[in-house]
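So this block is input.txt, compact mmCIF, C-alpha atoms and all ligand atoms:
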# COMPACT_ATOMS: atom_id res chain seq x y z
CA MET A 1 111.20 -48.16 -101.01
CA LEU A 2 112.68 -47.59 -97.57
CA GLU A 3 110.71 -45.69 -95.02
CA THR A 4 112.13 -42.24 -94.34
CA PRO A 5 114.00 -40.91 -92.49
CA TYR A 6 117.09 -43.07 -92.91
CA PHE A 7 120.82 -42.80 -93.36
CA LEU A 8 122.24 -44.05 -96.63
CA ILE A 9 125.85 -45.17 -96.88
CA ASN A 10 127.32 -44.96 -100.34
CA GLN A 11 129.72 -47.89 -100.26
CA ASN A 12 131.62 -46.79 -103.37
CA THR A 13 132.41 -43.44 -101.80
CA ILE A 14 133.82 -44.78 -98.56
CA GLU A 15 135.64 -47.55 -100.40
CA HIS A 16 137.24 -44.94 -102.59
CA LEU A 17 138.23 -42.72 -99.64
CA ALA A 18 139.60 -45.64 -97.61
CA GLY A 19 141.60 -46.88 -100.61
CA GLU A 20 142.91 -43.44 -101.43
CA LEU A 21 144.08 -42.93 -97.85
CA LEU A 22 145.84 -46.28 -97.65
CA SER A 23 147.64 -45.88 -100.96
CA ALA A 24 148.80 -42.34 -100.12
CA LEU A 25 150.09 -43.68 -96.79
CA ARG A 26 151.79 -46.85 -98.09
CA TYR A 27 153.39 -44.97 -100.96
CA ARG A 28 155.59 -43.30 -98.33
CA TRP A 29 155.56 -45.82 -95.46
CA ALA A 30 155.40 -49.35 -96.85
CA ASN A 31 154.06 -50.64 -93.51
CA GLY A 32 152.08 -47.54 -92.62
CA ILE A 33 149.12 -48.18 -90.31
CA ALA A 34 145.69 -46.56 -90.47
CA GLY A 35 143.38 -47.11 -87.50
CA TYR A 36 139.72 -46.30 -88.09
CA SER A 37 138.46 -44.01 -85.33
CA PHE A 38 135.50 -45.92 -83.83
CA LYS A 39 134.04 -42.86 -82.16
CA THR A 40 133.42 -41.16 -85.52
CA ASP A 41 130.76 -43.80 -86.27
CA ASN A 42 130.61 -47.03 -84.38
CA LEU A 43 128.03 -48.77 -86.52
CA PRO A 44 129.18 -52.41 -86.70
CA TRP A 45 128.76 -52.50 -90.48
CA ILE A 46 131.11 -49.54 -90.91
CA ILE A 47 133.67 -50.95 -88.50
CA LYS A 48 133.64 -54.29 -90.33
CA PHE A 49 133.89 -52.55 -93.65
CA MET A 50 136.98 -50.65 -92.50
CA GLN A 51 138.45 -53.86 -91.12
CA GLY A 52 137.94 -55.51 -94.50
CA ALA A 53 139.56 -52.54 -96.22
CA GLY A 54 142.75 -53.09 -94.17
CA PHE A 55 142.24 -50.63 -91.34
CA TRP A 56 143.15 -51.30 -87.73
CA ALA A 57 140.80 -50.23 -84.93
CA GLU A 58 141.39 -46.97 -83.08
CA VAL A 59 139.49 -47.02 -79.80
CA VAL A 60 139.23 -44.52 -76.95
CA SER A 61 137.33 -46.37 -74.23
CA ALA A 62 137.05 -49.82 -72.69
CA ASP A 63 133.67 -50.24 -74.40
CA GLU A 64 135.17 -49.50 -77.80
CA TYR A 65 138.07 -51.85 -77.04
CA ARG A 66 135.64 -54.66 -76.22
CA LEU A 67 133.56 -53.82 -79.30
CA ALA A 68 136.67 -54.16 -81.48
CA LYS A 69 137.48 -57.57 -79.97
CA GLN A 70 133.87 -58.71 -80.32
CA LEU A 71 133.93 -57.73 -84.01
CA GLY A 72 136.97 -59.92 -84.53
CA TYR A 73 139.92 -57.57 -84.20
CA ASP A 74 143.10 -59.16 -82.95
CA PRO A 75 144.31 -56.90 -80.10
CA ALA A 76 147.56 -56.59 -82.05
CA HIS A 77 145.56 -54.56 -84.57
CA ILE A 78 143.97 -52.24 -82.04
CA ILE A 79 145.25 -48.78 -81.14
CA PHE A 80 144.04 -47.90 -77.65
CA ASN A 81 143.91 -44.16 -76.88
CA GLY A 82 141.86 -41.94 -74.64
CA PRO A 83 142.07 -40.40 -71.16
CA VAL A 84 139.89 -42.93 -69.34
CA LYS A 85 140.68 -46.50 -70.34
CA GLU A 86 139.69 -48.76 -67.39
CA LYS A 87 142.41 -50.87 -65.80
CA GLY A 88 141.18 -54.31 -66.93
CA ALA A 89 140.90 -53.37 -70.60
CA PHE A 90 144.20 -51.47 -70.41
CA THR A 91 146.07 -54.46 -69.00
CA ASP A 92 144.50 -56.83 -71.53
CA ALA A 93 145.51 -54.51 -74.37
CA VAL A 94 149.08 -54.06 -73.15
CA GLU A 95 149.56 -57.79 -72.60
CA HIS A 96 148.11 -58.77 -75.98
CA GLY A 97 150.19 -56.49 -78.16
CA ALA A 98 147.83 -53.58 -78.83
CA VAL A 99 149.34 -50.18 -79.48
CA VAL A 100 148.55 -48.44 -76.20
CA ASN A 101 149.11 -44.72 -76.01
CA ILE A 102 149.42 -43.69 -72.38
CA ASP A 103 147.52 -40.56 -71.47
CA SER A 104 148.32 -39.90 -67.83
CA GLY A 105 150.17 -40.86 -64.67
CA ARG A 106 147.71 -43.44 -63.44
CA GLU A 107 148.23 -45.45 -66.62
CA LEU A 108 151.99 -45.39 -66.03
CA ASP A 109 151.26 -46.92 -62.63
CA TRP A 110 149.02 -49.57 -64.22
CA LEU A 111 151.93 -50.56 -66.49
CA CYS A 112 153.88 -51.64 -63.42
CA GLY A 113 151.15 -54.20 -62.69
CA CYS A 114 151.34 -55.77 -66.18
CA ASP A 115 153.03 -59.09 -66.86
CA LYS A 116 156.80 -58.50 -67.17
CA ALA A 117 157.41 -60.84 -70.10
CA ALA A 118 154.45 -59.37 -71.99
CA LEU A 119 155.71 -55.85 -71.32
CA ASP A 120 158.93 -56.60 -73.20
CA LYS A 121 156.86 -57.25 -76.32
CA ALA A 122 154.29 -54.50 -75.72
CA ASN A 123 153.76 -51.44 -77.91
CA ILE A 124 153.63 -48.55 -75.51
CA GLY A 125 153.37 -44.95 -76.66
CA LEU A 126 153.05 -41.65 -74.85
CA ARG A 127 150.49 -39.06 -75.83
CA VAL A 128 152.21 -35.73 -76.18
CA ASN A 129 150.55 -32.56 -74.97
CA PHE A 130 152.01 -29.47 -76.61
CA CYS A 131 150.77 -25.99 -77.37
CA LEU A 132 149.64 -26.26 -80.99
CA GLU A 133 148.56 -22.64 -80.85
CA ASP A 134 152.23 -21.57 -80.68
CA TYR A 135 152.82 -23.09 -84.11
CA CYS A 136 149.49 -22.42 -85.83
CA ARG A 137 148.07 -19.19 -84.52
CA GLY A 138 144.29 -19.15 -84.57
CA GLU A 139 144.03 -22.69 -85.91
CA SER A 140 144.03 -24.90 -82.82
CA GLN A 141 140.70 -25.87 -81.29
CA CYS A 142 141.49 -24.73 -77.77
CA GLY A 143 143.74 -21.73 -78.41
CA THR A 144 145.65 -20.73 -75.29
CA GLU A 145 143.27 -22.81 -73.14
CA ASP A 146 145.40 -25.81 -74.27
CA GLY A 147 144.40 -29.30 -75.31
CA ARG A 148 143.79 -31.53 -72.28
CA PHE A 149 145.23 -34.87 -73.34
CA GLY A 150 148.62 -36.40 -72.76
CA PHE A 151 151.81 -35.35 -70.99
CA SER A 152 152.87 -31.74 -71.31
CA TYR A 153 156.05 -31.26 -73.26
CA GLU A 154 156.50 -27.65 -72.17
CA ARG A 155 155.92 -28.41 -68.46
CA GLY A 156 158.39 -31.32 -68.44
CA GLU A 157 155.73 -33.96 -67.73
CA LEU A 158 156.60 -35.75 -70.92
CA LYS A 159 160.24 -35.88 -69.96
CA GLU A 160 159.29 -37.31 -66.57
CA ALA A 161 157.11 -39.96 -68.19
CA ILE A 162 160.00 -40.96 -70.46
CA SER A 163 162.29 -41.19 -67.41
CA PHE A 164 159.66 -43.26 -65.58
CA LEU A 165 159.66 -45.83 -68.38
CA ARG A 166 163.45 -45.82 -68.70
CA GLY A 167 163.85 -46.26 -64.97
CA ARG A 168 161.73 -49.43 -65.08
CA GLY A 169 163.18 -50.84 -68.27
CA ILE A 170 159.88 -50.46 -70.14
CA LYS A 171 160.41 -49.89 -73.84
CA LEU A 172 158.86 -46.77 -75.34
CA SER A 173 157.68 -47.63 -78.85
CA GLY A 174 156.04 -44.46 -80.00
CA LEU A 175 154.61 -41.00 -79.56
CA HIS A 176 151.01 -40.01 -80.16
CA LEU A 177 150.32 -36.42 -81.21
CA HIS A 178 146.68 -36.22 -82.30
CA CYS A 179 145.42 -32.63 -82.10
CA SER A 180 142.02 -31.06 -82.69
CA SER A 181 142.08 -28.06 -84.96
CA LYS A 182 139.58 -25.66 -86.44
CA THR A 183 141.16 -25.74 -89.86
CA ARG A 184 142.44 -29.29 -90.56
CA SER A 185 145.15 -27.51 -92.56
CA LEU A 186 148.54 -28.78 -93.72
CA ASN A 187 150.12 -26.41 -91.15
CA ILE A 188 148.74 -28.59 -88.35
CA TYR A 189 150.59 -31.66 -89.62
CA ARG A 190 153.77 -29.71 -90.26
CA ALA A 191 153.63 -28.53 -86.64
CA ILE A 192 152.93 -32.05 -85.32
CA SER A 193 155.81 -33.46 -87.37
CA ASN A 194 158.23 -30.78 -86.22
CA VAL A 195 157.28 -31.26 -82.58
CA ALA A 196 157.79 -35.03 -82.92
CA LYS A 197 161.19 -34.38 -84.48
CA LYS A 198 162.17 -32.01 -81.69
CA ILE A 199 161.14 -34.43 -78.94
CA VAL A 200 162.76 -37.48 -80.50
CA ASN A 201 166.07 -35.66 -80.84
CA GLU A 202 165.95 -33.83 -77.53
CA TYR A 203 165.40 -37.04 -75.56
CA GLY A 204 167.33 -39.37 -77.87
CA LEU A 205 164.37 -41.64 -78.57
CA ASP A 206 164.60 -44.73 -80.73
CA LEU A 207 160.99 -45.39 -81.73
CA GLN A 208 158.95 -47.82 -83.83
CA TYR A 209 156.14 -45.43 -84.66
CA ILE A 210 154.88 -41.88 -84.65
CA ASP A 211 151.10 -41.62 -84.47
CA VAL A 212 149.89 -38.27 -85.84
CA GLY A 213 146.21 -39.05 -85.13
CA GLY A 214 143.29 -38.07 -87.35
CA GLY A 215 141.64 -34.79 -88.20
CA PHE A 216 142.08 -34.86 -91.98
CA PHE A 217 139.68 -33.72 -94.64
CA GLY A 218 138.57 -36.40 -97.07
CA GLY A 219 136.51 -36.02 -100.21
CA VAL A 220 135.97 -32.30 -99.73
CA GLU A 221 136.65 -30.18 -102.77
CA GLY A 222 139.20 -27.42 -102.35
CA LYS A 223 140.69 -29.01 -99.21
CA PRO A 224 143.99 -30.88 -98.80
CA SER A 225 144.20 -34.43 -100.15
CA PHE A 226 145.61 -37.44 -98.27
CA ASP A 227 148.64 -37.18 -100.56
CA GLU A 228 149.27 -33.61 -99.49
CA TYR A 229 148.86 -34.37 -95.78
CA PHE A 230 151.19 -37.36 -95.82
CA ASN A 231 153.71 -35.59 -97.98
CA GLU A 232 153.92 -32.78 -95.45
CA ILE A 233 154.75 -35.31 -92.72
CA TYR A 234 157.10 -37.28 -94.94
CA ARG A 235 159.13 -34.18 -95.79
CA VAL A 236 159.94 -33.64 -92.12
CA PHE A 237 160.46 -37.28 -91.12
CA SER A 238 162.46 -38.48 -94.12
CA ALA A 239 165.06 -35.75 -93.58
CA ASP A 240 165.64 -36.66 -89.92
CA GLY A 241 168.14 -39.33 -88.86
CA ARG A 242 165.96 -40.64 -86.02
CA LEU A 243 162.65 -40.53 -87.87
CA ALA A 244 163.52 -41.63 -91.40
CA LYS A 245 162.92 -45.32 -90.56
CA VAL A 246 160.09 -44.86 -88.07
CA ASN A 247 156.64 -46.12 -89.12
CA LEU A 248 153.66 -43.79 -89.39
CA ILE A 249 150.28 -44.40 -87.76
CA VAL A 250 147.25 -42.30 -88.72
CA GLU A 251 143.78 -42.43 -87.20
CA PRO A 252 141.24 -41.17 -89.72
CA GLY A 253 137.59 -40.83 -88.83
CA ILE A 254 135.59 -38.13 -90.57
CA SER A 255 137.85 -38.15 -93.65
CA VAL A 256 136.94 -41.72 -94.61
CA VAL A 257 133.22 -41.78 -93.75
CA GLY A 258 131.91 -38.19 -93.70
CA ALA A 259 131.46 -37.68 -97.41
CA GLY A 260 129.94 -41.12 -97.98
CA ILE A 261 126.77 -40.93 -95.89
CA SER A 262 123.51 -39.12 -96.65
CA TYR A 263 120.32 -38.65 -94.66
CA VAL A 264 117.07 -39.06 -96.55
CA THR A 265 113.94 -37.28 -95.36
CA GLU A 266 110.52 -36.57 -96.77
CA VAL A 267 108.25 -33.56 -96.55
CA VAL A 268 105.13 -34.69 -94.67
CA ASP A 269 103.26 -31.42 -94.40
CA VAL A 270 103.39 -27.73 -95.16
CA LYS A 271 101.79 -25.00 -93.14
CA GLN A 272 101.50 -21.28 -93.16
CA THR A 273 101.55 -19.02 -90.12
CA LYS A 274 101.25 -15.27 -89.79
CA ASN A 275 104.89 -14.67 -90.61
CA ASN A 276 106.26 -17.95 -91.87
CA TYR A 277 105.78 -20.88 -94.22
CA PHE A 278 106.95 -24.22 -92.87
CA ALA A 279 107.83 -27.41 -94.68
CA VAL A 280 107.73 -30.19 -92.07
CA LEU A 281 110.14 -33.09 -92.64
CA ASP A 282 109.93 -36.56 -91.11
CA GLY A 283 113.63 -36.26 -90.28
CA SER A 284 115.19 -34.07 -87.63
CA ARG A 285 118.13 -31.80 -87.23
CA ILE A 286 119.09 -33.80 -84.12
CA HIS A 287 120.03 -36.72 -86.38
CA ILE A 288 122.55 -34.82 -88.48
CA ASP A 289 123.51 -31.92 -86.27
CA PRO A 290 123.25 -33.34 -82.75
CA LEU A 291 125.29 -30.48 -81.31
CA MET A 292 122.98 -27.96 -83.03
CA LYS A 293 125.89 -25.96 -84.39
CA LYS A 294 125.71 -26.28 -88.16
CA SER A 295 125.10 -23.15 -90.17
CA SER A 296 125.06 -24.67 -93.63
CA TYR A 297 124.06 -27.96 -95.17
CA SER A 298 124.86 -29.84 -98.31
CA TYR A 299 121.44 -30.97 -99.59
CA ARG A 300 119.38 -31.93 -102.61
CA ILE A 301 115.66 -31.64 -103.17
CA VAL A 302 113.98 -34.42 -105.10
CA LYS A 303 110.48 -33.40 -106.20
CA LYS A 304 107.73 -35.99 -106.11
CA ASP A 305 105.92 -34.54 -109.10
CA GLN A 306 107.41 -32.28 -111.69
CA THR A 307 104.39 -30.02 -111.83
CA ALA A 308 104.37 -26.59 -113.38
CA GLU A 309 106.58 -24.60 -111.06
CA ASP A 310 104.79 -22.24 -108.73
CA ALA A 311 106.21 -18.88 -107.84
CA GLU A 312 109.17 -18.99 -105.49
CA ARG A 313 108.66 -18.25 -101.83
CA GLU A 314 110.65 -18.33 -98.64
CA GLN A 315 110.15 -21.53 -96.63
CA THR A 316 111.54 -22.85 -93.38
CA LEU A 317 112.43 -26.54 -93.38
CA CYS A 318 111.87 -28.08 -89.98
CA GLY A 319 111.99 -31.48 -88.32
CA PHE A 320 109.70 -33.96 -86.54
CA THR A 321 110.61 -33.16 -82.95
CA CYS A 322 108.64 -30.90 -80.64
CA MET A 323 111.56 -28.51 -80.25
CA GLU A 324 111.07 -25.09 -81.77
CA ASN A 325 114.73 -24.93 -82.78
CA ASP A 326 114.48 -28.11 -84.85
CA ARG A 327 114.77 -26.00 -87.98
CA PHE A 328 117.28 -26.86 -90.70
CA PHE A 329 117.38 -23.76 -92.87
CA LYS A 330 115.32 -21.45 -95.07
CA ILE A 331 115.12 -21.72 -98.82
CA THR A 332 113.55 -19.56 -101.45
CA ALA A 333 112.07 -21.92 -104.02
CA PRO A 334 108.76 -23.12 -105.43
CA PRO A 335 106.76 -24.43 -102.42
CA LEU A 336 107.70 -27.89 -101.26
CA GLN A 337 104.91 -30.43 -101.14
CA ALA A 338 104.21 -33.55 -99.13
CA GLY A 339 106.16 -36.39 -100.71
CA ASP A 340 109.07 -34.27 -101.87
CA ARG A 341 112.35 -35.55 -100.51
CA VAL A 342 115.16 -33.58 -98.96
CA VAL A 343 118.47 -35.47 -98.99
CA PHE A 344 121.27 -34.18 -96.81
CA ASP A 345 124.70 -35.21 -98.09
CA LYS A 346 128.09 -35.65 -96.39
CA VAL A 347 126.61 -36.21 -92.94
CA GLY A 348 128.45 -39.41 -92.11
CA ALA A 349 130.65 -38.35 -89.23
CA TYR A 350 129.66 -37.94 -85.59
CA THR A 351 125.97 -38.27 -86.43
CA LEU A 352 124.94 -41.95 -86.30
CA CYS A 353 126.54 -42.33 -82.91
CA LEU A 354 125.80 -38.89 -81.44
CA SER A 355 122.11 -38.60 -82.24
CA PRO A 356 119.80 -39.29 -79.34
CA GLN A 357 116.71 -41.50 -79.18
CA PHE A 358 114.74 -38.35 -78.61
CA ILE A 359 111.05 -38.65 -79.49
CA SER A 360 111.83 -41.28 -82.10
CA PHE A 361 114.04 -44.39 -82.03
CA TYR A 362 117.31 -44.41 -83.99
CA PRO A 363 116.62 -44.19 -87.72
CA ALA A 364 117.48 -47.07 -90.02
CA VAL A 365 120.77 -47.18 -91.92
CA ALA A 366 121.04 -48.63 -95.40
CA VAL A 367 124.00 -49.27 -97.69
CA GLU A 368 123.85 -48.62 -101.39
CA ARG A 369 126.12 -50.28 -103.86
CA GLY A 370 125.70 -50.59 -107.61
CA GLY A 371 122.00 -49.70 -107.52
CA LYS A 372 121.24 -52.23 -104.75
CA THR A 373 120.21 -51.17 -101.25
CA GLU A 374 120.55 -53.25 -98.09
CA ILE A 375 119.48 -52.34 -94.56
CA VAL A 376 122.37 -52.64 -92.08
CA ARG A 377 120.58 -51.21 -89.06
CA HIS A 378 116.84 -51.48 -88.74
CA LYS A 379 114.80 -49.08 -86.71
CA ASN A 380 113.80 -50.56 -83.36
CA THR A 381 110.24 -51.56 -82.65
CA ALA A 382 108.79 -50.44 -79.31
CA GLU A 383 109.27 -54.01 -78.08
CA GLU A 384 112.98 -54.03 -78.97
CA PHE A 385 113.44 -50.63 -77.42
CA ILE A 386 111.95 -51.82 -74.14
CA LYS A 387 114.13 -54.94 -74.19
CA SER A 388 117.39 -53.07 -74.74
CA ASN A 389 116.49 -50.49 -72.12
CA SER A 390 115.40 -52.80 -69.33
C1 LIG A 401 138.58 -38.14 -82.71
C2 LIG A 401 139.90 -38.75 -82.87
C3 LIG A 401 140.36 -39.19 -84.11
C4 LIG A 401 139.55 -39.03 -85.39
O1 LIG A 401 139.36 -37.69 -85.72
P1 LIG A 401 138.68 -37.24 -87.11
O2 LIG A 401 138.65 -35.75 -87.01
O3 LIG A 401 137.31 -37.83 -87.15
O4 LIG A 401 139.55 -37.74 -88.20
C5 LIG A 401 141.58 -39.81 -84.17
N1 LIG A 401 142.35 -39.98 -83.07
C6 LIG A 401 141.94 -39.55 -81.84
C7 LIG A 401 142.81 -39.76 -80.67
C8 LIG A 401 140.72 -38.92 -81.71
O5 LIG A 401 140.33 -38.50 -80.50

If you convert what's in this file into structure tokens, what do you get?
Ligand SMILES: *Cc1c(COP(=O)(O)O)cnc(C)c1O
Amino acid sequence: MLETPYFLINQNTIEHLAGELLSALRYRWANGIAGYSFKTDNLPWIIKFMQGAGFWAEVVSADEYRLAKQLGYDPAHIIFNGPVKEKGAFTDAVEHGAVVNIDSGRELDWLCGCDKAALDKANIGLRVNFCLEDYCRGESQCGTEDGRFGFSYERGELKEAISFLRGRGIKLSGLHLHCSSKTRSLNIYRAISNVAKKIVNEYGLDLQYIDVGGGFFGGVEGKPSFDEYFNEIYRVFSADGRLAKVNLIVEPGISVVGAGISYVTEVVDVKQTKNNYFAVLDGSRIHIDPLMKKSSYSYRIVKKDQTAEDAEREQTLCGFTCMENDRFFKITAPPLQAGDRVVFDKVGAYTLCLSPQFISFYPAVAVERGGKTEIVRHKNTAEEFIKSNS
């Protein structure tokens, strides 16, 4: 048995989600492209798995770009986004056929330094900044503080960027409209699609792709399905002369990995204080809630022994760190005992890569498939830790 705490990837679940997304996409866009968002979880096993499933790489930094190349991605299958790309990686990506979505003026300037012949074959997009809040009141992440990426449509910066490219004979291949929202609702994608339609027609653009970004739900009951999301977009695009033949790019992260990863912990001790009863786990909240914001968890308790049930009592489940706020939640149940396991489900997104090496080295990650378990990231020894930090 694996030593707790560890993350457990359920391969069937992510395979199912990845397959479901691709078939919903290709049903409407035969050549539709899905780029797996590296930042959601950059574990090499996951990236390779997504590559094998037919996903491109979606990267937002020079490090992620180099990671994609190192893991065997052809630059032509990399989508390079993000506000701070690094000139060398940017130029390499543009010249080797990556989809490069330009975020700001300095990247426009960098384009002028790229090889002319390569530029003719490049896939350059512009990230659009627009006020999502105007279309989906209360749903955007930043409200009237505005998102901070891309060229502002309302302020005319987007128009200027388009003119900049036209003036230099650089082909504009696409628009990128990823938005962060609080709700991940269908409204968001209707708004994104309508804004794309407005821009394409207002500026007379003849594009190869529209990239609507990520931000979907996946595998969450009661939430929109991939079919519903893509249908919403398709309804707008298929009815528009300029967009009916344009390819769709999506950049899923959480929707294809979130539901497929659990975190397995064990109760190591219980203790009673004047006012509380603590069950101490060998895992920590910092591993699955690194931003310390969660208010509810999806979890299962697996008892070590099925003894006669004691009376229920309130207990606080807490973690291994020395931080007082490393408390998961309270339950009212028969007292937990050392050896009982607490398994947190659906914790696959923004956890593996966001948790710190605080007090304990990164936990191991295992993959489960058909009853077999394989370790895909081992926990560092002190010696390995010293080596990779010297
Ligand atoms: C974070 C991000 C994604 C993935 O978002 P999810 O919510 O994990 O699906 C996709 N595209 C861009 C540009 C991003 O910044």

Please identify all polymer residues within 7 Å of range 352-354 of chain A, counting all atoms listed in the file, omitting same-chain residues fewer than 2 positions from it, and present them as a PyMOL selection string.
-> chain A and resi 41-42+290+350+356

List the neighbours of range 169-176 of chain A out to 6 Å using all atoms listed in the file; skip same-chain residues closer than 3 positions along the sequence, and give me the result as a list in words.
-> Asn123, Ile124, Gly125, Leu126, Arg127, Val128, Leu165, Arg166, Leu207, Gln208, Tyr209, Ile210 and Asp211 of chain A

Which residue of A:Phe49, A:Val250, A:Glu145, A:Tyr234 approaches Ile79 in chain A most closely, using only C-alpha atoms =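 Closest to Ile79 in chain A of all the choices is A:Val250.
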
Near Tyr73 in chain A, within 10 Å and counting only C-alpha atoms, which residues show up once chain neighbours fewer than 5 positions away are dropped, as JSON, numbers by chain?
-> {"A": [48, 51, 56, 57, 65, 66, 67, 68, 78]}

Using only C-alpha atoms, which residues sit within 10 Å of Asn276 in chain A once same-chain residues fewer than 6 positions away are excluded, as a VMD selection string?
-> chain A and resid 314 to 316

Selected residue of minimal separation from Ser262 in chain A among A:Ser298, A:Thr40, A:Asn201, A:Ser180, counting all atoms listed in the file =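 For Ser262 in chain A, the nearest of the given residues is A:Ser298.
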
From the set A:Ile386, A:Leu186, A:Ile249, A:Ile199, which residue has the shortest atom-to-atom contact distance to ligand LIG 401 (chain A), counting only C-alpha atoms and all ligand atoms?
->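 Residue with the minimum atom-to-atom distance to ligand LIG 401 (chain A): A:Ile249.
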